[in-house]
$ cat structure_19.pdb   # PDB, C-alpha atoms
MODEL        1
ATOM      1  CA  MET A   7     -61.535 -84.925 -45.514  1.00  0.00           C
ATOM      2  CA  VAL A   8     -60.109 -82.626 -42.868  1.00  0.00           C
ATOM      3  CA  GLU A   9     -63.604 -81.893 -41.614  1.00  0.00           C
ATOM      4  CA  GLY A  10     -64.255 -85.576 -41.042  1.00  0.00           C
ATOM      5  CA  MET A  11     -61.136 -85.857 -38.930  1.00  0.00           C
ATOM      6  CA  GLU A  12     -62.238 -82.963 -36.745  1.00  0.00           C
ATOM      7  CA  ASP A  13     -65.632 -84.608 -36.207  1.00  0.00           C
ATOM      8  CA  SER A  14     -64.024 -87.836 -35.067  1.00  0.00           C
ATOM      9  CA  ALA A  15     -61.817 -86.091 -32.538  1.00  0.00           C
ATOM     10  CA  GLY A  16     -64.443 -86.664 -29.864  1.00  0.00           C
ATOM     11  CA  THR A  17     -66.157 -84.295 -27.548  1.00  0.00           C
ATOM     12  CA  GLN A  18     -64.212 -81.813 -25.525  1.00  0.00           C
ATOM     13  CA  PRO A  19     -65.135 -81.066 -21.918  1.00  0.00           C
ATOM     14  CA  SER A  20     -67.193 -77.904 -21.673  1.00  0.00           C
ATOM     15  CA  GLU A  21     -65.694 -76.866 -18.330  1.00  0.00           C
ATOM     16  CA  GLN A  22     -62.195 -76.882 -16.986  1.00  0.00           C
ATOM     17  CA  PRO A  23     -61.745 -78.995 -13.876  1.00  0.00           C
ATOM     18  CA  ARG A  24     -62.247 -77.037 -10.706  1.00  0.00           C
ATOM     19  CA  SER A  25     -59.714 -76.811  -7.937  1.00  0.00           C
ATOM     20  CA  ALA A  26     -60.275 -79.140  -5.019  1.00  0.00           C
ATOM     21  CA  ASN A  27     -59.646 -76.338  -2.517  1.00  0.00           C
ATOM     22  CA  PRO A  28     -60.479 -72.938  -4.054  1.00  0.00           C
ATOM     23  CA  ASP A  29     -60.004 -71.074  -0.761  1.00  0.00           C
ATOM     24  CA  LEU A  30     -56.377 -72.120  -0.585  1.00  0.00           C
ATOM     25  CA  VAL A  31     -55.737 -70.970  -4.144  1.00  0.00           C
ATOM     26  CA  ARG A  32     -57.521 -67.669  -3.511  1.00  0.00           C
ATOM     27  CA  PHE A  33     -55.112 -66.809  -0.681  1.00  0.00           C
ATOM     28  CA  ALA A  34     -51.966 -68.169  -2.330  1.00  0.00           C
ATOM     29  CA  ARG A  35     -51.248 -65.173  -4.595  1.00  0.00           C
ATOM     30  CA  PRO A  36     -51.698 -62.535  -1.823  1.00  0.00           C
ATOM     31  CA  ALA A  37     -49.575 -64.683   0.500  1.00  0.00           C
ATOM     32  CA  LEU A  38     -46.842 -64.858  -2.121  1.00  0.00           C
ATOM     33  CA  ILE A  39     -46.902 -61.103  -2.759  1.00  0.00           C
ATOM     34  CA  ALA A  40     -47.132 -60.087   0.891  1.00  0.00           C
ATOM     35  CA  GLY A  41     -44.496 -62.618   1.950  1.00  0.00           C
ATOM     36  CA  ALA A  42     -42.057 -61.388  -0.677  1.00  0.00           C
ATOM     37  CA  ALA A  43     -42.677 -57.721   0.200  1.00  0.00           C
ATOM     38  CA  VAL A  44     -42.251 -58.290   3.931  1.00  0.00           C
ATOM     39  CA  ALA A  45     -39.107 -60.349   3.298  1.00  0.00           C
ATOM     40  CA  VAL A  46     -37.571 -57.468   1.332  1.00  0.00           C
ATOM     41  CA  VAL A  47     -38.422 -55.022   4.132  1.00  0.00           C
ATOM     42  CA  CYS A  48     -36.966 -57.378   6.762  1.00  0.00           C
ATOM     43  CA  ILE A  49     -33.752 -57.792   4.797  1.00  0.00           C
ATOM     44  CA  ALA A  50     -33.450 -54.008   4.515  1.00  0.00           C
ATOM     45  CA  LEU A  51     -34.094 -53.676   8.266  1.00  0.00           C
ATOM     46  CA  LEU A  52     -31.437 -56.268   9.089  1.00  0.00           C
ATOM     47  CA  VAL A  53     -28.901 -54.543   6.827  1.00  0.00           C
ATOM     48  CA  ILE A  54     -29.605 -51.201   8.535  1.00  0.00           C
ATOM     49  CA  ILE A  55     -29.240 -52.814  11.971  1.00  0.00           C
ATOM     50  CA  PHE A  56     -25.939 -54.369  10.890  1.00  0.00           C
ATOM     51  CA  PHE A  57     -24.611 -50.959   9.806  1.00  0.00           C
ATOM     52  CA  LEU A  58     -25.840 -49.304  13.016  1.00  0.00           C
ATOM     53  CA  ASP A  59     -24.150 -51.990  15.125  1.00  0.00           C
ATOM     54  CA  THR A  60     -20.946 -51.565  13.163  1.00  0.00           C
ATOM     55  CA  PHE A  61     -21.116 -47.783  13.514  1.00  0.00           C
ATOM     56  CA  ASN A  62     -21.725 -47.979  17.278  1.00  0.00           C
ATOM     57  CA  ALA A  63     -18.888 -50.461  17.749  1.00  0.00           C
ATOM     58  CA  THR A  64     -16.556 -48.253  15.714  1.00  0.00           C
ATOM     59  CA  ILE A  65     -17.441 -45.134  17.669  1.00  0.00           C
ATOM     60  CA  TYR A  66     -17.060 -47.009  20.969  1.00  0.00           C
ATOM     61  CA  SER A  67     -13.641 -48.370  20.030  1.00  0.00           C
ATOM     62  CA  VAL A  68     -12.260 -44.986  18.885  1.00  0.00           C
ATOM     63  CA  GLY A  69     -11.382 -44.234  22.497  1.00  0.00           C
ATOM     64  CA  GLY A  70      -9.266 -47.403  22.740  1.00  0.00           C
ATOM     65  CA  LYS A  71     -12.054 -49.521  24.230  1.00  0.00           C
ATOM     66  CA  ASN A  72     -13.117 -52.925  22.924  1.00  0.00           C
ATOM     67  CA  ILE A  73     -16.777 -53.682  22.154  1.00  0.00           C
ATOM     68  CA  GLN A  74     -16.240 -57.261  23.401  1.00  0.00           C
ATOM     69  CA  ASP A  75     -15.282 -56.091  26.892  1.00  0.00           C
ATOM     70  CA  ALA A  76     -17.281 -57.335  29.849  1.00  0.00           C
ATOM     71  CA  THR A  77     -18.214 -53.808  30.924  1.00  0.00           C
ATOM     72  CA  ASP A  78     -21.822 -52.707  31.269  1.00  0.00           C
ATOM     73  CA  GLU A  79     -21.381 -50.027  28.626  1.00  0.00           C
ATOM     74  CA  ALA A  80     -20.051 -52.503  26.022  1.00  0.00           C
ATOM     75  CA  ARG A  81     -22.813 -54.984  26.878  1.00  0.00           C
ATOM     76  CA  ASP A  82     -25.461 -52.257  26.456  1.00  0.00           C
ATOM     77  CA  ILE A  83     -24.088 -51.290  23.056  1.00  0.00           C
ATOM     78  CA  ARG A  84     -23.983 -54.941  21.921  1.00  0.00           C
ATOM     79  CA  GLY A  85     -27.576 -55.499  23.044  1.00  0.00           C
ATOM     80  CA  LEU A  86     -28.920 -52.190  21.750  1.00  0.00           C
ATOM     81  CA  TYR A  87     -30.554 -53.651  18.629  1.00  0.00           C
ATOM     82  CA  ALA A  88     -30.927 -57.263  19.816  1.00  0.00           C
ATOM     83  CA  GLY A  89     -34.736 -57.124  19.979  1.00  0.00           C
ATOM     84  CA  ALA A  90     -35.091 -55.582  16.536  1.00  0.00           C
ATOM     85  CA  ARG A  91     -32.597 -58.068  15.103  1.00  0.00           C
ATOM     86  CA  ILE A  92     -34.400 -61.099  16.572  1.00  0.00           C
ATOM     87  CA  GLY A  93     -37.803 -59.736  15.540  1.00  0.00           C
ATOM     88  CA  GLY A  94     -36.537 -59.045  12.035  1.00  0.00           C
ATOM     89  CA  ILE A  95     -35.143 -62.550  11.673  1.00  0.00           C
ATOM     90  CA  ILE A  96     -38.351 -64.163  12.957  1.00  0.00           C
ATOM     91  CA  LEU A  97     -40.513 -62.033  10.662  1.00  0.00           C
ATOM     92  CA  LEU A  98     -38.164 -62.787   7.750  1.00  0.00           C
ATOM     93  CA  VAL A  99     -38.504 -66.531   8.286  1.00  0.00           C
ATOM     94  CA  ILE A 100     -42.305 -66.312   8.589  1.00  0.00           C
ATOM     95  CA  SER A 101     -42.612 -64.180   5.463  1.00  0.00           C
ATOM     96  CA  LEU A 102     -40.334 -66.491   3.472  1.00  0.00           C
ATOM     97  CA  LEU A 103     -42.418 -69.483   4.568  1.00  0.00           C
ATOM     98  CA  ALA A 104     -45.623 -67.682   3.522  1.00  0.00           C
ATOM     99  CA  ALA A 105     -44.138 -66.739   0.156  1.00  0.00           C
ATOM    100  CA  ALA A 106     -42.832 -70.255  -0.418  1.00  0.00           C
ATOM    101  CA  GLY A 107     -46.173 -71.781   0.593  1.00  0.00           C
ATOM    102  CA  GLY A 108     -48.059 -69.466  -1.756  1.00  0.00           C
ATOM    103  CA  ALA A 109     -45.666 -70.252  -4.584  1.00  0.00           C
ATOM    104  CA  VAL A 110     -46.006 -74.003  -4.035  1.00  0.00           C
ATOM    105  CA  VAL A 111     -49.810 -73.828  -3.977  1.00  0.00           C
ATOM    106  CA  LEU A 112     -49.895 -71.702  -7.134  1.00  0.00           C
ATOM    107  CA  TYR A 113     -47.453 -74.046  -8.851  1.00  0.00           C
ATOM    108  CA  LEU A 114     -49.371 -77.190  -7.920  1.00  0.00           C
ATOM    109  CA  LYS A 115     -52.758 -75.714  -8.826  1.00  0.00           C
ATOM    110  CA  ARG A 116     -51.702 -73.992 -12.055  1.00  0.00           C
ATOM    111  CA  GLY A 117     -54.196 -74.443 -14.865  1.00  0.00           C
ATOM    112  CA  THR A 118     -56.717 -76.353 -12.741  1.00  0.00           C
ATOM    113  CA  GLY A 119     -59.322 -73.671 -12.109  1.00  0.00           C
ATOM    114  CA  LEU A 120     -61.050 -70.741 -13.678  1.00  0.00           C
ATOM    115  CA  GLU A 121     -60.267 -67.198 -12.693  1.00  0.00           C
ATOM    116  CA  ASP A 122     -62.908 -65.424 -10.631  1.00  0.00           C
ATOM    117  CA  GLY A 123     -65.300 -63.595 -12.913  1.00  0.00           C
ATOM    118  CA  ASN A 124     -64.514 -65.725 -15.962  1.00  0.00           C
ATOM    119  CA  GLU A 125     -66.852 -68.549 -15.073  1.00  0.00           C
ATOM    120  CA  GLY A 126     -69.143 -69.330 -17.967  1.00  0.00           C
ATOM    121  CA  ASP A 127     -67.387 -66.962 -20.373  1.00  0.00           C
ATOM    122  CA  GLU A 128     -66.468 -68.326 -23.738  1.00  0.00           C
ATOM    123  CA  ASP A 129     -62.933 -68.398 -25.031  1.00  0.00           C
ATOM    124  CA  VAL A 130     -62.103 -65.619 -27.457  1.00  0.00           C
ATOM    125  CA  ASP A 131     -59.187 -65.950 -29.850  1.00  0.00           C
ATOM    126  CA  PHE A 132     -57.433 -63.389 -32.065  1.00  0.00           C
ATOM    127  CA  ASP A 133     -59.737 -63.942 -35.052  1.00  0.00           C
ATOM    128  CA  ASP A 134     -62.788 -63.096 -32.941  1.00  0.00           C
ATOM    129  CA  LEU A 135     -61.150 -59.936 -31.615  1.00  0.00           C
ATOM    130  CA  ALA A 136     -59.954 -58.853 -35.051  1.00  0.00           C
ATOM    131  CA  GLY A 137     -63.415 -59.363 -36.557  1.00  0.00           C
ATOM    132  CA  ARG A 138     -62.363 -61.953 -39.089  1.00  0.00           C
TER     133      ARG A 138
ENDMDL
END

$ encode --input "structure_19.pdb" --output "structure tokens"
Amino acid sequence: MVEGMEDSAGTQPSEQPRSANPDLVRFARPALIAGAAVAVVCIALLVIIFFLDTFNATIYSVGGKNIQDATDEARDIRGLYAGARIGGIILLVISLLAAAGGAVVLYLKRGTGLEDGNEGDEDVDFDDLAGR
């Protein structure tokens, strides 16, 4: 009786549906990984720059001077890491956008395509692997 119910279940599709844009999915995982790695490096760079700015301001003010003064020396110290700070922030934003884009693509396309190299392979379950 159970066998009859399995026969009436209908036919199952032999292939999983393919992704509409496989190139986008192929680059999503590397974009997510690279974006996250670059974001971590940028955050570390910005933290180091913050500590260097704080250290320079502290050393400058030991002599009774103020880092916010309008002198050329104070302005040079304030602008010492400005380029690295701006570059780090821009790269951080770009890497976070790449990571977020990769994550969104992977989330939206989850379970819709076959992995590369697994096309045409049959599904193997535990009983097949155990030899039962």

$ closest_residue --input "structure_19.pdb" --among "A:Leu135, A:Ala109, A:Ala43, A:Ile54" --to "Tyr87 in chain A" --atoms "all atoms listed in the file"
A:Ile54

$ residues_around --input "structure_19.pdb" --residues "Thr60 in chain A" --least-positions-apart "6" --cutoff "12 Å" --atoms "only C-alpha atoms" --output "JSON, numbers by chain"
{"A": [53, 54, 66, 67, 73, 83, 84, 86, 87]}

$ write_last_selection --input "structure_19.pdb" --atoms "C-alpha atoms" --output "short mmCIF file (atom, residue, chain, number, x, y, z; two decimals), in the coordinates of the input"
data_model
loop_
_atom_site.label_atom_id
_atom_site.label_comp_id
_atom_site.auth_asym_id
_atom_site.auth_seq_id
_atom_site.Cartn_x
_atom_site.Cartn_y
_atom_site.Cartn_z
CA VAL A 53 -28.90 -54.54 6.83
CA ILE A 54 -29.60 -51.20 8.54
CA TYR A 66 -17.06 -47.01 20.97
CA SER A 67 -13.64 -48.37 20.03
CA ILE A 73 -16.78 -53.68 22.15
CA ILE A 83 -24.09 -51.29 23.06
CA ARG A 84 -23.98 -54.94 21.92
CA LEU A 86 -28.92 -52.19 21.75
CA TYR A 87 -30.55 -53.65 18.63
#

$ resolve_selection --input "structure_19.pdb" --expression "the PyMOL selection byres ((chain A and resi 51) around 12)" --output "ChimeraX atom specification"
/A:44-50,52-58,87,90-95,97-98

$ atom_distance --input "structure_19.pdb" --atom1 "CA of Asp131 in chain A" --atom2 "CA of Leu112 in chain A"
25.2 Å

$ closest_residue --input "structure_19.pdb" --among "A:Leu114, A:Val130, A:Ala136, A:Ile100" --to "Ala40 in chain A" --atoms "only C-alpha atoms"
A:Ile100

$ resolve_selection --input "structure_19.pdb" --expression "the PyMOL selection byres ((chain A and resi 37) around 10)" --output "list in words"
Val31, Arg32, Phe33, Ala34, Arg35, Pro36, Leu38, Ile39, Ala40, Gly41, Ala42, Ala43, Ser101, Leu102, Leu103, Ala104, Ala105, Ala106, Gly107, Gly108 and Ala109 of chain A

$ atom_distance --input "structure_19.pdb" --atom1 "CA of Leu30 in chain A" --atom2 "CA of Val99 in chain A"
20.7 Å
